[in-house]
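Worksheet: the structure to be examined is printed underneath.
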Amino acid sequence: MTSMADHHGAAHDDESQAHLAELLDLDAEVLCAYWTDALSWVRRAATGTARVRILDLGAGSGTGTIPLAQRFGDAEVIAVDTSEEMLRRIRVKALDLGLAGRVRTVRADLDVVWPAFEPIDLTWASMSLHHLTDPDEVLGQLFTTMRSGGLVAVAEFSEHLRFLPHDLGFGRPGLEERCLAALSEEHAHSLPELGSDWSGRLQAAGFTLVAERVFAIELDPRHAGDSAARYAQRWLGRLRSGAADQLADEDLETLGALLDGDGPQSLTQRRDLQIRGCRTVTLARRP
Ligand SMILES: C[S@@+](CC[C@H](N)C(=O)[O-])C[C@H]1O[C@@H](n2cnc3c(N)ncnc32)[C@H](O)[C@@H]1O
């Protein structure tokens with residue numbers, strides 16, 4: 001029997017998946033220069049190899065799945081994720097864009113089971129491997145599933161994006177540094193694989209390293225429209241939830257003012273936000 005607590009838990013999960021999906025969609029929209037460069041680079045690397053079946057591991061809301069289906073016009077793209085809400089969003093997008101015939105979704109918790117796939121030619125795993133309990137086990141399974149000559153591209157990051165100036169003009173300067181330090185402390189327990197040596201782990205699984213590229217992100221939101229401020233709001237909102245226990249009351253108050261809708265000190269009123277960071281894409285081949 002399902003209890004009331006289960007209902008509340010399920011509703012909370014759905015809400016948090018919907019929030020994450022919106023954040024991921026904003027990531028793709030606001031950082032579209034990075035996404036375009038990275039996926040085009042992978043597309044070029046795959047020139048001359050078989051491109052029948054593509055896997056998007058930990059696909060989220062489909063920020064990789066959909067552009068991959070568009071770039072690889074003949075391929076079937078299989079999006080794998082543990083979240084049904086994410087996969088539902090991918091199916092809706094694929095349908096809207098006339099890609100439903102080539103985009104398939106597979107719900108699987110990769111910590112528990114490796115689904116049966118036909119041989120895979122290209123795998124894209126963006127910001128997902130660090131969520132796994134045992135990425136080496138999954139990379140080992142992936143190795144056996146990839147076709148000889150097939151490519152795997154792992155997109156990861158070792159530091160979170162930054163948005164704020166050091167001095168906001170109110171509150172204590174250095175808010176973002178303190179928030180990120182608190183988040184890192186929390187992640188040391190909850191996401192120990194974040195910032196791992198992915199090229200080393202791919203090679204340990206049997207893949208041959210092809211190339212590794214660092215994509216610098218430096219974006220002035222004045223040129224990125226409203227979505228950049230919404231992205232900053234979503235991200236700092238998540239940061240506040242993740243790091244609230246470790247932050248001083250004064251910092252929580254400052255965050256509250258920044259996140260206060262269209263309030264006088266809110267992010268939407270600022271003209272000095274700047275999105276900075278980097279993503280690293282590691283490309284490897286199954287011999
Ligand atoms: C940060 S999101 C990245 C999504 C997408 N690849 C992107 O770059 O926008 C990580 C995704 O991995 C999925 N995920 C986390 N652990 C997983 C697991 N054990 N099995 C399958 N998917 C998982 C999450 O549900 C989430 O959608």
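Note on naming: chains are A, B, ... as they come in the structure tokens, residues start from 1 per chain, ligands start from 1 in the order shown.
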Using only C-alpha atoms, which residues sit within 12 Å of Ile217 (chain A) once same-chain residues fewer than 2 positions away are excluded, as JSON, numbers by chain? {"A": [27, 30, 31, 32, 33, 34, 35, 37, 38, 157, 159, 160, 161, 162, 163, 214, 215, 219, 220, 221, 274, 275, 276, 277, 278, 279, 280]}
For the residues in the current selection, export C-alpha atoms as a short mmCIF file (atom, residue, chain, number, x, y, z; two decimals), in the first residue's frame.
data_model
loop_
_atom_site.label_atom_id
_atom_site.label_comp_id
_atom_site.auth_asym_id
_atom_site.auth_seq_id
_atom_site.Cartn_x
_atom_site.Cartn_y
_atom_site.Cartn_z
CA ASP A 27 22.32 25.26 -19.30
CA VAL A 30 22.55 29.90 -22.10
CA LEU A 31 25.77 27.98 -22.77
CA CYS A 32 24.77 27.16 -26.35
CA ALA A 33 28.20 28.18 -27.66
CA TYR A 34 29.82 25.47 -25.50
CA TRP A 35 27.20 22.85 -26.41
CA ASP A 37 31.31 23.54 -30.06
CA ALA A 38 31.52 20.35 -28.01
CA PHE A 157 33.67 19.60 -14.93
CA GLU A 159 34.56 23.34 -10.70
CA HIS A 160 31.07 24.76 -10.65
CA LEU A 161 30.08 27.72 -12.77
CA ARG A 162 30.32 31.17 -11.19
CA PHE A 163 27.91 34.02 -11.74
CA VAL A 214 38.82 22.09 -22.21
CA PHE A 215 36.01 24.43 -23.26
CA LEU A 219 29.59 34.77 -20.87
CA ASP A 220 28.32 38.26 -20.30
CA PRO A 221 24.58 37.78 -19.64
CA GLN A 274 29.10 36.99 -15.60
CA ILE A 275 29.01 33.27 -16.18
CA ARG A 276 32.45 31.74 -15.97
CA GLY A 277 33.80 28.22 -15.77
CA CYS A 278 34.87 25.37 -18.01
CA ARG A 279 33.83 21.92 -19.17
CA THR A 280 36.20 19.20 -20.25
#
If you run DSSP over the backbone, which residues in region 70-152 of chain A end up alpha helix (DSSP H)? Put them as number ranges by chain. A: 70-71, 84-96, 135-145
Check every protein, DNA and RNA residue against ligand 1, keep those with an atom at most 7 Å away (counting only C-alpha atoms and all ligand atoms), and present them as a PDB file with C-alpha atoms, in the first residue's frame.
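The new file out30.pdb reads:
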ATOM      1  CA  LEU A  24      19.570  21.544 -17.629  1.00  0.00           C
ATOM      2  CA  LEU A  57      24.174   7.967 -20.738  1.00  0.00           C
ATOM      3  CA  GLY A  58      22.421   9.892 -17.967  1.00  0.00           C
ATOM      4  CA  ALA A  59      20.637  11.874 -20.663  1.00  0.00           C
ATOM      5  CA  GLY A  60      18.705  14.208 -18.342  1.00  0.00           C
ATOM      6  CA  SER A  61      16.294  16.414 -20.270  1.00  0.00           C
ATOM      7  CA  GLY A  62      17.875  15.518 -23.625  1.00  0.00           C
ATOM      8  CA  THR A  63      20.341  18.391 -24.020  1.00  0.00           C
ATOM      9  CA  GLY A  64      22.661  15.910 -25.724  1.00  0.00           C
ATOM     10  CA  VAL A  80      19.262   6.295 -20.737  1.00  0.00           C
ATOM     11  CA  ASP A  81      18.316   7.800 -17.414  1.00  0.00           C
ATOM     12  CA  THR A  82      17.006   6.701 -14.060  1.00  0.00           C
ATOM     13  CA  SER A  83      14.355   9.418 -14.071  1.00  0.00           C
ATOM     14  CA  MET A  86      13.525  13.295 -17.732  1.00  0.00           C
ATOM     15  CA  ALA A 108      17.551   2.271 -15.955  1.00  0.00           C
ATOM     16  CA  ASP A 109      19.394   2.903 -12.741  1.00  0.00           C
ATOM     17  CA  LEU A 110      22.947   2.272 -13.921  1.00  0.00           C
ATOM     18  CA  ASP A 111      24.047   1.663 -10.344  1.00  0.00           C
ATOM     19  CA  ALA A 125      27.971  10.939 -21.191  1.00  0.00           C
ATOM     20  CA  SER A 126      27.600  14.527 -20.033  1.00  0.00           C
ATOM     21  CA  MET A 127      27.755  15.463 -16.355  1.00  0.00           C
ATOM     22  CA  SER A 128      26.370  12.044 -15.467  1.00  0.00           C
ATOM     23  CA  HIS A 131      26.589  10.702 -10.166  1.00  0.00           C
ATOM     24  CA  LEU A 132      27.293   6.974 -10.326  1.00  0.00           C
TER      25      LEU A 132
END
So that I can check the surroundings of Ala232 (chain A), please list as number ranges by chain every protein, DNA and RNA residue that reaches within 9 Å of it, counting only C-alpha atoms and ignoring chain neighbours fewer than 2 positions away. A: 162-164, 227-230, 234-237, 267, 273, 275
Go ahead and save the picked residues with N, CA and C atoms, as a PDB file, in the first residue's frame.
ATOM      1  N   ARG A 162      30.456  29.988 -12.065  1.00  0.00           N
ATOM      2  CA  ARG A 162      30.323  31.168 -11.192  1.00  0.00           C
ATOM      3  C   ARG A 162      29.517  32.225 -11.922  1.00  0.00           C
ATOM      4  N   PHE A 163      28.783  32.989 -11.150  1.00  0.00           N
ATOM      5  CA  PHE A 163      27.909  34.018 -11.737  1.00  0.00           C
ATOM      6  C   PHE A 163      28.129  35.409 -11.154  1.00  0.00           C
ATOM      7  N   LEU A 164      28.539  35.461  -9.878  1.00  0.00           N
ATOM      8  CA  LEU A 164      28.463  36.730  -9.132  1.00  0.00           C
ATOM      9  C   LEU A 164      29.789  37.474  -9.082  1.00  0.00           C
ATOM     10  N   SER A 227      17.214  34.574 -20.131  1.00  0.00           N
ATOM     11  CA  SER A 227      17.444  33.200 -19.688  1.00  0.00           C
ATOM     12  C   SER A 227      18.691  33.093 -18.804  1.00  0.00           C
ATOM     13  N   ALA A 228      19.671  33.994 -18.999  1.00  0.00           N
ATOM     14  CA  ALA A 228      20.880  33.927 -18.169  1.00  0.00           C
ATOM     15  C   ALA A 228      20.547  34.262 -16.716  1.00  0.00           C
ATOM     16  N   ALA A 229      19.703  35.278 -16.504  1.00  0.00           N
ATOM     17  CA  ALA A 229      19.315  35.629 -15.125  1.00  0.00           C
ATOM     18  C   ALA A 229      18.478  34.503 -14.520  1.00  0.00           C
ATOM     19  N   ARG A 230      17.606  33.881 -15.336  1.00  0.00           N
ATOM     20  CA  ARG A 230      16.810  32.749 -14.823  1.00  0.00           C
ATOM     21  C   ARG A 230      17.714  31.579 -14.468  1.00  0.00           C
ATOM     22  N   ARG A 234      18.000  29.866 -10.810  1.00  0.00           N
ATOM     23  CA  ARG A 234      17.814  28.423 -10.581  1.00  0.00           C
ATOM     24  C   ARG A 234      19.043  27.817  -9.896  1.00  0.00           C
ATOM     25  N   TRP A 235      20.221  28.198 -10.432  1.00  0.00           N
ATOM     26  CA  TRP A 235      21.444  27.589  -9.919  1.00  0.00           C
ATOM     27  C   TRP A 235      21.698  28.016  -8.479  1.00  0.00           C
ATOM     28  N   LEU A 236      21.548  29.340  -8.207  1.00  0.00           N
ATOM     29  CA  LEU A 236      21.807  29.803  -6.838  1.00  0.00           C
ATOM     30  C   LEU A 236      20.735  29.287  -5.875  1.00  0.00           C
ATOM     31  N   GLY A 237      19.526  29.053  -6.394  1.00  0.00           N
ATOM     32  CA  GLY A 237      18.481  28.459  -5.560  1.00  0.00           C
ATOM     33  C   GLY A 237      18.859  27.047  -5.133  1.00  0.00           C
ATOM     34  N   LEU A 267      18.698  39.103  -8.514  1.00  0.00           N
ATOM     35  CA  LEU A 267      19.566  38.823  -9.670  1.00  0.00           C
ATOM     36  C   LEU A 267      19.034  39.464 -10.948  1.00  0.00           C
ATOM     37  N   LEU A 273      26.280  40.366 -13.784  1.00  0.00           N
ATOM     38  CA  LEU A 273      26.475  38.910 -13.701  1.00  0.00           C
ATOM     39  C   LEU A 273      27.384  38.478 -14.843  1.00  0.00           C
ATOM     40  N   ILE A 275      28.939  34.722 -16.368  1.00  0.00           N
ATOM     41  CA  ILE A 275      29.011  33.271 -16.182  1.00  0.00           C
ATOM     42  C   ILE A 275      30.402  32.816 -16.605  1.00  0.00           C
TER      43      ILE A 275
END
I'd like to know which of A:Ala18, A:Asp134, A:Ser266, A:Val52 is closest to Val113 (chain A), using only C-alpha atoms. A:Asp134
Do a neighbour search on Leu168 (chain A) at 12 Å with only C-alpha atoms, toss out local chain neighbours closer than 4 positions, and write the hits as an NGL selection string. :A and (163-164 or 172-176 or 251 or 254-255 or 257-258 or 265-267 or 269-273)
Pick out the residues sitting within 6 Å of Val103 (chain A), and hand them over as a PyMOL selection string; count only C-alpha atoms, and ignore anything fewer than 5 positions along from it in its own chain. chain A and resi 76-78
Generate a file of the selected residues that holds C-alpha atoms, formatted as a compact mmCIF listing (two decimals), in the first residue's frame.
# COMPACT_ATOMS: atom_id res chain seq x y z
CA GLU A 76 19.19 5.79 -33.60
CA VAL A 77 19.83 7.69 -30.35
CA ILE A 78 19.10 5.88 -27.10
Between CA of His130 (chain A) and CA of Glu156 (chain A) - distance in Å to one decimal: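 Atom-to-atom, CA of Glu156 (chain A) and CA of His130 (chain A) are spaced 8.0 Å apart.
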So, counting only C-alpha atoms, which residue among A:Ala21, A:Ala50, A:Ala182, A:Ala248 is closest to Arg88 (chain A)? A:Ala21
Taking the chain letters and numbering used in this document, name the residues of region 101-266 of chain A that DSSP puts in strand (DSSP E), as a PyMOL selection string. chain A and resi 103-107+120-126+146-156+208-219
Need the shell around Gly150 (chain A): protein/DNA/RNA residues with any atom at most 12 Å away, counting only C-alpha atoms. Skip same-chain ones fewer than 6 positions apart. Format as a PyMOL selection string? chain A and resi 42+45-55+119-124+142-144+207-210+283-287
Restricting the output to C-alpha atoms, write the selected residues as a PDB file, in the first residue's frame.
ATOM      1  CA  VAL A  42      32.399  15.022 -31.372  1.00  0.00           C
ATOM      2  CA  ALA A  45      35.651  13.066 -34.631  1.00  0.00           C
ATOM      3  CA  ALA A  46      33.056  10.473 -35.649  1.00  0.00           C
ATOM      4  CA  THR A  47      33.463  11.208 -39.350  1.00  0.00           C
ATOM      5  CA  GLY A  48      34.420   8.052 -41.192  1.00  0.00           C
ATOM      6  CA  THR A  49      33.230   5.667 -38.467  1.00  0.00           C
ATOM      7  CA  ALA A  50      29.982   3.726 -38.233  1.00  0.00           C
ATOM      8  CA  ARG A  51      27.145   5.853 -36.851  1.00  0.00           C
ATOM      9  CA  VAL A  52      24.261   3.457 -36.483  1.00  0.00           C
ATOM     10  CA  ARG A  53      23.511   3.599 -32.783  1.00  0.00           C
ATOM     11  CA  ILE A  54      24.299   6.330 -30.260  1.00  0.00           C
ATOM     12  CA  LEU A  55      23.930   6.133 -26.482  1.00  0.00           C
ATOM     13  CA  PRO A 119      26.409  -2.666 -30.407  1.00  0.00           C
ATOM     14  CA  ILE A 120      26.922   1.059 -29.863  1.00  0.00           C
ATOM     15  CA  ASP A 121      28.965   3.292 -32.198  1.00  0.00           C
ATOM     16  CA  LEU A 122      29.091   6.479 -30.133  1.00  0.00           C
ATOM     17  CA  THR A 123      28.431   7.234 -26.473  1.00  0.00           C
ATOM     18  CA  TRP A 124      27.891  10.692 -24.992  1.00  0.00           C
ATOM     19  CA  LEU A 142      30.120   0.219 -21.743  1.00  0.00           C
ATOM     20  CA  PHE A 143      33.383  -1.142 -23.140  1.00  0.00           C
ATOM     21  CA  THR A 144      31.781  -4.514 -23.808  1.00  0.00           C
ATOM     22  CA  PHE A 207      39.501   2.583 -24.160  1.00  0.00           C
ATOM     23  CA  THR A 208      42.274   4.400 -26.035  1.00  0.00           C
ATOM     24  CA  LEU A 209      42.464   8.130 -25.414  1.00  0.00           C
ATOM     25  CA  VAL A 210      41.829  10.166 -28.585  1.00  0.00           C
ATOM     26  CA  LEU A 283      37.188  11.505 -26.260  1.00  0.00           C
ATOM     27  CA  ALA A 284      38.240   7.853 -26.322  1.00  0.00           C
ATOM     28  CA  ARG A 285      37.923   4.958 -28.723  1.00  0.00           C
ATOM     29  CA  ARG A 286      37.301   1.273 -28.228  1.00  0.00           C
ATOM     30  CA  PRO A 287      40.230  -0.470 -29.988  1.00  0.00           C
TER      31      PRO A 287
END
Counting only C-alpha atoms, the residue of A:Glu177, A:Asp56, A:Asp14, A:Asp245 that sits nearest Arg104 (chain A):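 When distances to Arg104 (chain A) are compared using only C-alpha atoms, the smallest one comes from A:Asp56.
Closest approach to Ala243 (chain A) from the set A:Arg178, A:Arg201, A:His189, A:His166 is made by A:Arg178, with distances taken over only C-alpha atoms.
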For a quick check of understanding, using only C-alpha atoms, which of A:Leu151, A:Val281, A:Ile66, A:Leu247 has the smallest distance to Arg89 (chain A)? A:Ile66
Rank nothing, just name the residue among A:Ala205, A:Arg213, A:Ser184, A:Arg222 nearest to Glu137 (chain A), using only C-alpha atoms. A:Ala205
